[in-house]
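Engineer: File structure_3.pdb follows (PDB, C-alpha atoms):
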ATOM      1  CA  MET B 277       0.000   0.000   0.000
ATOM      2  CA  GLU B 278       2.889   2.335   0.758
ATOM      3  CA  LYS B 279       4.301   1.915  -2.774
ATOM      4  CA  PHE B 280       0.894   2.666  -4.282
ATOM      5  CA  ALA B 281       0.512   5.799  -2.147
ATOM      6  CA  THR B 282       3.987   6.928  -3.229
ATOM      7  CA  THR B 283       3.046   6.336  -6.864
ATOM      8  CA  VAL B 284      -0.130   8.405  -6.521
ATOM      9  CA  ILE B 285       1.825  11.243  -4.867
ATOM     10  CA  ILE B 286       4.467  11.215  -7.622
ATOM     11  CA  ILE B 287       1.779  11.361 -10.315
ATOM     12  CA  ALA B 288      -0.097  14.167  -8.541
ATOM     13  CA  VAL B 289       3.070  16.252  -8.094
ATOM     14  CA  SER B 290       4.078  15.639 -11.722
ATOM     15  CA  LEU B 291       0.687  16.811 -12.945
ATOM     16  CA  GLY B 292       0.891  19.843 -10.668
ATOM     17  CA  ILE B 293       4.305  20.782 -12.055
ATOM     18  CA  ALA B 294       3.143  20.247 -15.644
ATOM     19  CA  ALA B 295       0.121  22.493 -15.081
ATOM     20  CA  ASN B 296       2.234  25.540 -14.197
ATOM     21  CA  THR B 297       2.131  28.414 -16.656
ATOM     22  CA  TRP B 298       5.720  27.922 -17.848
ATOM     23  CA  ALA B 299       5.021  24.401 -19.095
ATOM     24  CA  ALA B 300       4.404  23.956 -22.834
ATOM     25  CA  GLU B 301       0.723  23.123 -23.240
ATOM     26  CA  MET B 302      -1.848  22.371 -25.890
ATOM     27  CA  VAL B 303      -5.597  22.364 -25.487
ATOM     28  CA  LEU B 304      -7.391  19.051 -25.998
ATOM     29  CA  GLY B 305     -10.720  20.113 -24.556
ATOM     30  CA  PRO B 306     -12.328  23.319 -23.367
ATOM     31  CA  ASP B 307     -11.136  22.910 -19.769
ATOM     32  CA  LEU B 308      -8.231  20.475 -19.850
ATOM     33  CA  LYS B 309      -4.717  21.284 -21.054
ATOM     34  CA  ILE B 310      -2.155  18.544 -21.646
ATOM     35  CA  PRO B 311       1.628  19.004 -21.875
ATOM     36  CA  LEU B 312       2.973  18.696 -25.417
ATOM     37  CA  TYR B 313       5.053  15.631 -24.571
ATOM     38  CA  TYR B 314       1.917  13.449 -24.561
ATOM     39  CA  LYS B 315       1.729  11.785 -27.979
ATOM     40  CA  ALA B 316      -0.827   9.490 -29.562
ATOM     41  CA  GLY B 317       0.108   5.815 -29.631
ATOM     42  CA  SER B 318       0.133   3.705 -32.774
ATOM     43  CA  GLY B 319      -3.115   1.944 -31.913
ATOM     44  CA  SER B 320      -6.510   2.625 -33.389
ATOM     45  CA  CYS B 321      -9.636   3.850 -31.674
ATOM     46  CA  SER B 322     -11.216   1.334 -29.301
ATOM     47  CA  PRO B 323     -14.971   1.501 -28.688
ATOM     48  CA  GLY B 324     -15.667   2.780 -25.189
ATOM     49  CA  ARG B 325     -11.980   3.613 -24.685
ATOM     50  CA  GLY B 326     -10.882   6.006 -27.456
ATOM     51  CA  TYR B 327      -7.196   6.471 -28.273
ATOM     52  CA  ASN B 328      -4.192   6.050 -25.998
ATOM     53  CA  MET B 329      -1.717   8.915 -25.463
ATOM     54  CA  SER B 330       1.598   8.430 -23.647
ATOM     55  CA  ALA B 331       4.202  10.819 -22.317
ATOM     56  CA  GLU B 332       7.335  10.772 -24.435
ATOM     57  CA  ALA B 333      10.877  11.389 -23.316
ATOM     58  CA  PRO B 334      13.072  11.047 -26.427
ATOM     59  CA  GLY B 335      16.209   9.026 -25.766
ATOM     60  CA  TYR B 336      14.884   7.543 -22.525
ATOM     61  CA  PRO B 337      13.298   4.112 -22.139
ATOM     62  CA  SER B 338       9.748   3.826 -20.892
ATOM     63  CA  THR B 339       9.570   3.067 -17.157
ATOM     64  CA  TYR B 340       6.915   2.273 -14.572
ATOM     65  CA  PRO B 341       4.849   3.659 -12.987
ATOM     66  CA  LYS B 342       3.374   5.696 -15.816
ATOM     67  CA  MET B 343       0.141   7.439 -16.626
ATOM     68  CA  ASN B 344      -1.381   7.435 -20.102
ATOM     69  CA  LEU B 345      -4.403   9.378 -21.277
ATOM     70  CA  ARG B 346      -7.509   8.072 -23.008
ATOM     71  CA  VAL B 347      -8.560  10.630 -25.638
ATOM     72  CA  PHE B 348     -11.347  11.012 -28.200
ATOM     73  CA  ASN B 349     -12.121  13.990 -30.451
ATOM     74  CA  GLY B 350      -9.459  16.068 -28.748
ATOM     75  CA  GLU B 351     -10.863  15.545 -25.257
ATOM     76  CA  VAL B 352      -9.431  13.541 -22.403
ATOM     77  CA  ILE B 353     -11.994  10.903 -21.471
ATOM     78  CA  GLY B 354      -9.895   8.931 -18.987
ATOM     79  CA  PHE B 355      -6.581   8.004 -17.420
ATOM     80  CA  LEU B 356      -4.669   4.729 -17.609
ATOM     81  CA  PHE B 357      -2.158   4.003 -14.845
ATOM     82  CA  GLU B 358       0.458   1.309 -15.513
ATOM     83  CA  LEU B 359       2.407  -0.271 -12.648
ATOM     84  CA  ASP B 360       5.170  -2.898 -12.810
ATOM     85  CA  ALA B 361       3.862  -6.376 -11.948
ATOM     86  CA  LYS B 362       6.760  -6.741  -9.484
ATOM     87  CA  GLU B 363       4.932  -4.248  -7.258
ATOM     88  CA  GLY B 364       2.202  -6.814  -6.695
ATOM     89  CA  TRP B 365      -1.471  -7.038  -7.519
ATOM     90  CA  LYS B 366      -4.246  -4.870  -6.043
ATOM     91  CA  PRO B 367      -7.998  -5.599  -6.239
ATOM     92  CA  TRP B 368      -8.725  -2.421  -8.234
ATOM     93  CA  TYR B 369      -6.464  -3.371 -11.175
ATOM     94  CA  ASP B 370      -8.018  -4.109 -14.574
ATOM     95  CA  GLN B 371      -6.414  -7.580 -14.774
ATOM     96  CA  PRO B 372      -7.153 -10.554 -12.519
ATOM     97  CA  GLU B 373      -4.651 -11.475  -9.827
ATOM     98  CA  GLY B 374      -1.552 -13.153 -11.223
ATOM     99  CA  LYS B 375      -2.357 -12.194 -14.836
ATOM    100  CA  PRO B 376      -0.483  -8.979 -15.659
ATOM    101  CA  THR B 377      -0.516  -7.665 -19.226
ATOM    102  CA  SER B 378       2.376  -7.045 -21.606
ATOM    103  CA  HIS B 379       2.454  -5.558 -25.097
ATOM    104  CA  GLU B 380       4.996  -4.493 -27.720
ATOM    105  CA  GLY B 381       7.861  -5.952 -25.683
ATOM    106  CA  SER B 382       6.963  -4.143 -22.464
ATOM    107  CA  ALA B 383       7.601  -5.560 -19.026
ATOM    108  CA  ALA B 384       4.702  -7.359 -17.337
ATOM    109  CA  HIS B 385       2.472  -4.768 -15.704
ATOM    110  CA  TYR B 386      -0.958  -4.151 -14.240
ATOM    111  CA  THR B 387      -3.237  -1.288 -15.237
ATOM    112  CA  GLN B 388      -5.972   0.739 -13.628
ATOM    113  CA  THR B 389      -8.250   2.709 -15.928
ATOM    114  CA  ILE B 390     -10.372   5.599 -14.702
ATOM    115  CA  TYR B 391     -12.871   7.200 -17.079
ATOM    116  CA  ILE B 392     -14.212  10.719 -16.561
ATOM    117  CA  LYS B 393     -16.383  10.815 -19.707
ATOM    118  CA  LYS B 394     -18.281   8.260 -21.764
ATOM    119  CA  GLY B 395     -16.119   6.720 -24.482
ATOM    120  CA  PRO B 396     -16.927   6.549 -28.198
ATOM    121  CA  THR B 397     -19.265   4.027 -29.764
ATOM    122  CA  ALA B 398     -18.026   1.582 -32.416
ATOM    123  CA  GLU B 399     -19.587   3.808 -35.095
ATOM    124  CA  GLU B 400     -17.859   6.925 -33.714
ATOM    125  CA  CYS B 401     -14.521   5.087 -33.673
ATOM    126  CA  LYS B 402     -14.992   3.939 -37.252
ATOM    127  CA  ALA B 403     -15.720   7.501 -38.420
ATOM    128  CA  SER B 404     -12.878   9.043 -36.394
ATOM    129  CA  LYS B 405      -9.844  10.467 -38.213
ATOM    130  CA  GLY B 406      -7.602  10.288 -35.144
ATOM    131  CA  PRO B 407      -7.382  11.266 -31.466
ATOM    132  CA  TYR B 408      -7.879  14.953 -32.224
ATOM    133  CA  GLY B 409     -11.128  14.374 -34.080
ATOM    134  CA  ASN B 410     -12.264  15.102 -37.596
ATOM    135  CA  LYS B 411     -10.941  18.647 -37.676
TER     136      LYS B 411
END
Before we go any further, please render this structure as structure tokens.
Structural biologist:
Amino acid sequence: MEKFATTVIIIAVSLGIAANTWAAEMVLGPDLKIPLYYKAGSGSCSPGRGYNMSAEAPGYPSTYPKMNLRVFNGEVIGFLFELDAKEGWKPWYDQPEGKPTSHEGSAAHYTQTIYIKKGPTAEECKASKGPYGNK
């Protein structure tokens, strides 16, 4: 529990620092600004989930814990937290106990997804031109 609390604090402080006025920002929705280093992943739109956006740090390998964004039509619809499986399983993770996920050569990890808006339908995904919408 202590490691999880530390992870939440690190994420909260990071978001607080990124929200300061000197940080480079771009608007994804009317009220939410995201630092420019969040980039859309290579995946397509998933019904109910939208697109995945990850923070990029050129020249540095991806590490855990990390927080990705779920985006559709230029709006953040949710957050995806990824934690190394070595940290252990918690009942609120998206995967069942003992069954961490792994993709594109990543280390085994658990995720927790939190949605703040309803995701796109299958039809909306099919018509979508990308995470920033049809603009």
Engineer: Please, which residues are within 9 Å of (-0.4, 8.5, -30.8) by the file's coordinates, counting all atoms listed in the file, and could they come as a ChimeraX atom specification?
Structural biologist: /B:314-320,327-330,406-407
Engineer: Run the PyMOL selection byres ((chain B and resi 382) around 12) mentally over the shown coordinates, then write out the matched residues as a list in words, using the chain letters and numbers from the document.
Structural biologist: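 Going through the file, the PyMOL selection byres ((chain B and resi 382) around 12) ends up selecting Pro337, Ser338, Thr339, Tyr340, Glu358, Leu359, Asp360, Ala361, Pro376, Thr377, Ser378, His379, Glu380, Gly381, Ala383, Ala384, His385 and Tyr386 of chain B.
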Engineer: Determine the nearest neighbour of B:Leu345 from the options B:Lys394, B:Arg325, B:Lys375, B:Lys402, counting only C-alpha atoms.
Structural biologist: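 Of B:Lys394, B:Arg325, B:Lys375, B:Lys402, the one nearest B:Leu345, counting only C-alpha atoms, is B:Arg325.
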Engineer: Could you tell me which of B:Ile390, B:Gly374, B:Ala398, B:Gly350 comes closest to B:Lys362 if we count only C-alpha atoms?
Structural biologist: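 Smallest separation from B:Lys362 among the options: B:Gly374.
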Engineer: Give me the residues within 7 Å of B:Leu356 as JSON, numbers by chain, counting all atoms listed in the file and dropping any in the same chain fewer than 6 places off.
Structural biologist: {"B": [343, 344, 345, 346, 387, 388, 389, 390]}
Engineer: To one decimal in Å, tell me the separation between atom CA of B:Lys342 and atom CA of B:Ser404.
Structural biologist: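 Atom CA of B:Lys342 sits 26.4 Å away from atom CA of B:Ser404.
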Engineer: Spell out the residues picked by the PyMOL selection byres ((chain B and resi 399) around 12) here, as a list in words.
Structural biologist: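 Applied to this file, the PyMOL selection byres ((chain B and resi 399) around 12) returns Cys321, Ser322, Pro323, Gly324, Gly326, Gly395, Pro396, Thr397, Ala398, Glu400, Cys401, Lys402, Ala403 and Ser404 of chain B.
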Engineer: Residues picked by the PyMOL selection byres ((chain B and resi 313) around 8) here, as a ChimeraX atom specification?
Structural biologist: /B:311-312,314-315,331-333
Engineer: What is the distance between atom CA of B:Pro372 and atom CA of B:Phe357, in Å to one decimal?
Structural biologist: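 For atom CA of B:Pro372 relative to atom CA of B:Phe357, the distance reads 15.6 Å.
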Engineer: Quote the spacing between atom CA of B:Tyr391 and atom CA of B:Trp365 in Å to one decimal place.
Structural biologist: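 Atom CA of B:Trp365 lies 20.6 Å from atom CA of B:Tyr391.
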Engineer: Take stretch 354-376 of chain B, model N, CA and C atoms, and hand the result over as a PDB file, in the coordinates of the input.
Structural biologist:
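Here's the written file out.pdb:
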ATOM      1  N   GLY B 354     -10.303   9.797 -20.080  1.00  0.00           N
ATOM      2  CA  GLY B 354      -9.895   8.931 -18.987  1.00  0.00           C
ATOM      3  C   GLY B 354      -8.391   8.880 -18.805  1.00  0.00           C
ATOM      4  N   PHE B 355      -7.984   8.159 -17.775  1.00  0.00           N
ATOM      5  CA  PHE B 355      -6.581   8.004 -17.420  1.00  0.00           C
ATOM      6  C   PHE B 355      -6.274   6.524 -17.270  1.00  0.00           C
ATOM      7  N   LEU B 356      -5.101   6.118 -17.705  1.00  0.00           N
ATOM      8  CA  LEU B 356      -4.669   4.729 -17.609  1.00  0.00           C
ATOM      9  C   LEU B 356      -3.346   4.697 -16.852  1.00  0.00           C
ATOM     10  N   PHE B 357      -3.365   4.139 -15.657  1.00  0.00           N
ATOM     11  CA  PHE B 357      -2.158   4.003 -14.845  1.00  0.00           C
ATOM     12  C   PHE B 357      -1.554   2.634 -15.103  1.00  0.00           C
ATOM     13  N   GLU B 358      -0.238   2.576 -15.308  1.00  0.00           N
ATOM     14  CA  GLU B 358       0.458   1.309 -15.513  1.00  0.00           C
ATOM     15  C   GLU B 358       1.501   1.158 -14.408  1.00  0.00           C
ATOM     16  N   LEU B 359       1.475  -0.001 -13.741  1.00  0.00           N
ATOM     17  CA  LEU B 359       2.407  -0.271 -12.648  1.00  0.00           C
ATOM     18  C   LEU B 359       3.090  -1.614 -12.871  1.00  0.00           C
ATOM     19  N   ASP B 360       4.384  -1.673 -12.620  1.00  0.00           N
ATOM     20  CA  ASP B 360       5.170  -2.898 -12.810  1.00  0.00           C
ATOM     21  C   ASP B 360       4.558  -4.041 -12.000  1.00  0.00           C
ATOM     22  N   ALA B 361       4.451  -5.205 -12.616  1.00  0.00           N
ATOM     23  CA  ALA B 361       3.862  -6.376 -11.948  1.00  0.00           C
ATOM     24  C   ALA B 361       4.649  -6.768 -10.701  1.00  0.00           C
ATOM     25  N   LYS B 362       5.940  -6.423 -10.654  1.00  0.00           N
ATOM     26  CA  LYS B 362       6.760  -6.741  -9.484  1.00  0.00           C
ATOM     27  C   LYS B 362       6.244  -6.051  -8.225  1.00  0.00           C
ATOM     28  N   GLU B 363       5.488  -4.985  -8.401  1.00  0.00           N
ATOM     29  CA  GLU B 363       4.932  -4.248  -7.258  1.00  0.00           C
ATOM     30  C   GLU B 363       3.800  -5.012  -6.581  1.00  0.00           C
ATOM     31  N   GLY B 364       3.293  -6.019  -7.269  1.00  0.00           N
ATOM     32  CA  GLY B 364       2.202  -6.814  -6.695  1.00  0.00           C
ATOM     33  C   GLY B 364       0.847  -6.389  -7.218  1.00  0.00           C
ATOM     34  N   TRP B 365      -0.118  -7.254  -7.021  1.00  0.00           N
ATOM     35  CA  TRP B 365      -1.471  -7.038  -7.519  1.00  0.00           C
ATOM     36  C   TRP B 365      -2.326  -6.343  -6.468  1.00  0.00           C
ATOM     37  N   LYS B 366      -3.263  -5.526  -6.909  1.00  0.00           N
ATOM     38  CA  LYS B 366      -4.246  -4.870  -6.043  1.00  0.00           C
ATOM     39  C   LYS B 366      -5.639  -5.151  -6.613  1.00  0.00           C
ATOM     40  N   PRO B 367      -6.655  -5.228  -5.768  1.00  0.00           N
ATOM     41  CA  PRO B 367      -7.998  -5.599  -6.239  1.00  0.00           C
ATOM     42  C   PRO B 367      -8.624  -4.617  -7.235  1.00  0.00           C
ATOM     43  N   TRP B 368      -8.125  -3.399  -7.330  1.00  0.00           N
ATOM     44  CA  TRP B 368      -8.725  -2.421  -8.234  1.00  0.00           C
ATOM     45  C   TRP B 368      -8.077  -2.443  -9.615  1.00  0.00           C
ATOM     46  N   TYR B 369      -7.098  -3.310  -9.861  1.00  0.00           N
ATOM     47  CA  TYR B 369      -6.464  -3.371 -11.175  1.00  0.00           C
ATOM     48  C   TYR B 369      -7.420  -3.950 -12.211  1.00  0.00           C
ATOM     49  N   ASP B 370      -7.178  -3.631 -13.481  1.00  0.00           N
ATOM     50  CA  ASP B 370      -8.018  -4.109 -14.574  1.00  0.00           C
ATOM     51  C   ASP B 370      -7.850  -5.614 -14.830  1.00  0.00           C
ATOM     52  N   GLN B 371      -6.687  -6.165 -14.529  1.00  0.00           N
ATOM     53  CA  GLN B 371      -6.414  -7.580 -14.774  1.00  0.00           C
ATOM     54  C   GLN B 371      -6.667  -8.397 -13.502  1.00  0.00           C
ATOM     55  N   PRO B 372      -6.984  -9.680 -13.689  1.00  0.00           N
ATOM     56  CA  PRO B 372      -7.153 -10.554 -12.519  1.00  0.00           C
ATOM     57  C   PRO B 372      -5.800 -10.798 -11.829  1.00  0.00           C
ATOM     58  N   GLU B 373      -5.866 -11.193 -10.597  1.00  0.00           N
ATOM     59  CA  GLU B 373      -4.651 -11.475  -9.827  1.00  0.00           C
ATOM     60  C   GLU B 373      -3.795 -12.519 -10.534  1.00  0.00           C
ATOM     61  N   GLY B 374      -2.487 -12.230 -10.612  1.00  0.00           N
ATOM     62  CA  GLY B 374      -1.552 -13.153 -11.223  1.00  0.00           C
ATOM     63  C   GLY B 374      -1.548 -13.152 -12.738  1.00  0.00           C
ATOM     64  N   LYS B 375      -2.284 -12.238 -13.374  1.00  0.00           N
ATOM     65  CA  LYS B 375      -2.357 -12.194 -14.836  1.00  0.00           C
ATOM     66  C   LYS B 375      -2.059 -10.789 -15.357  1.00  0.00           C
ATOM     67  N   PRO B 376      -0.826 -10.306 -15.139  1.00  0.00           N
ATOM     68  CA  PRO B 376      -0.483  -8.979 -15.659  1.00  0.00           C
ATOM     69  C   PRO B 376      -0.480  -8.978 -17.185  1.00  0.00           C
TER      70      PRO B 376
END
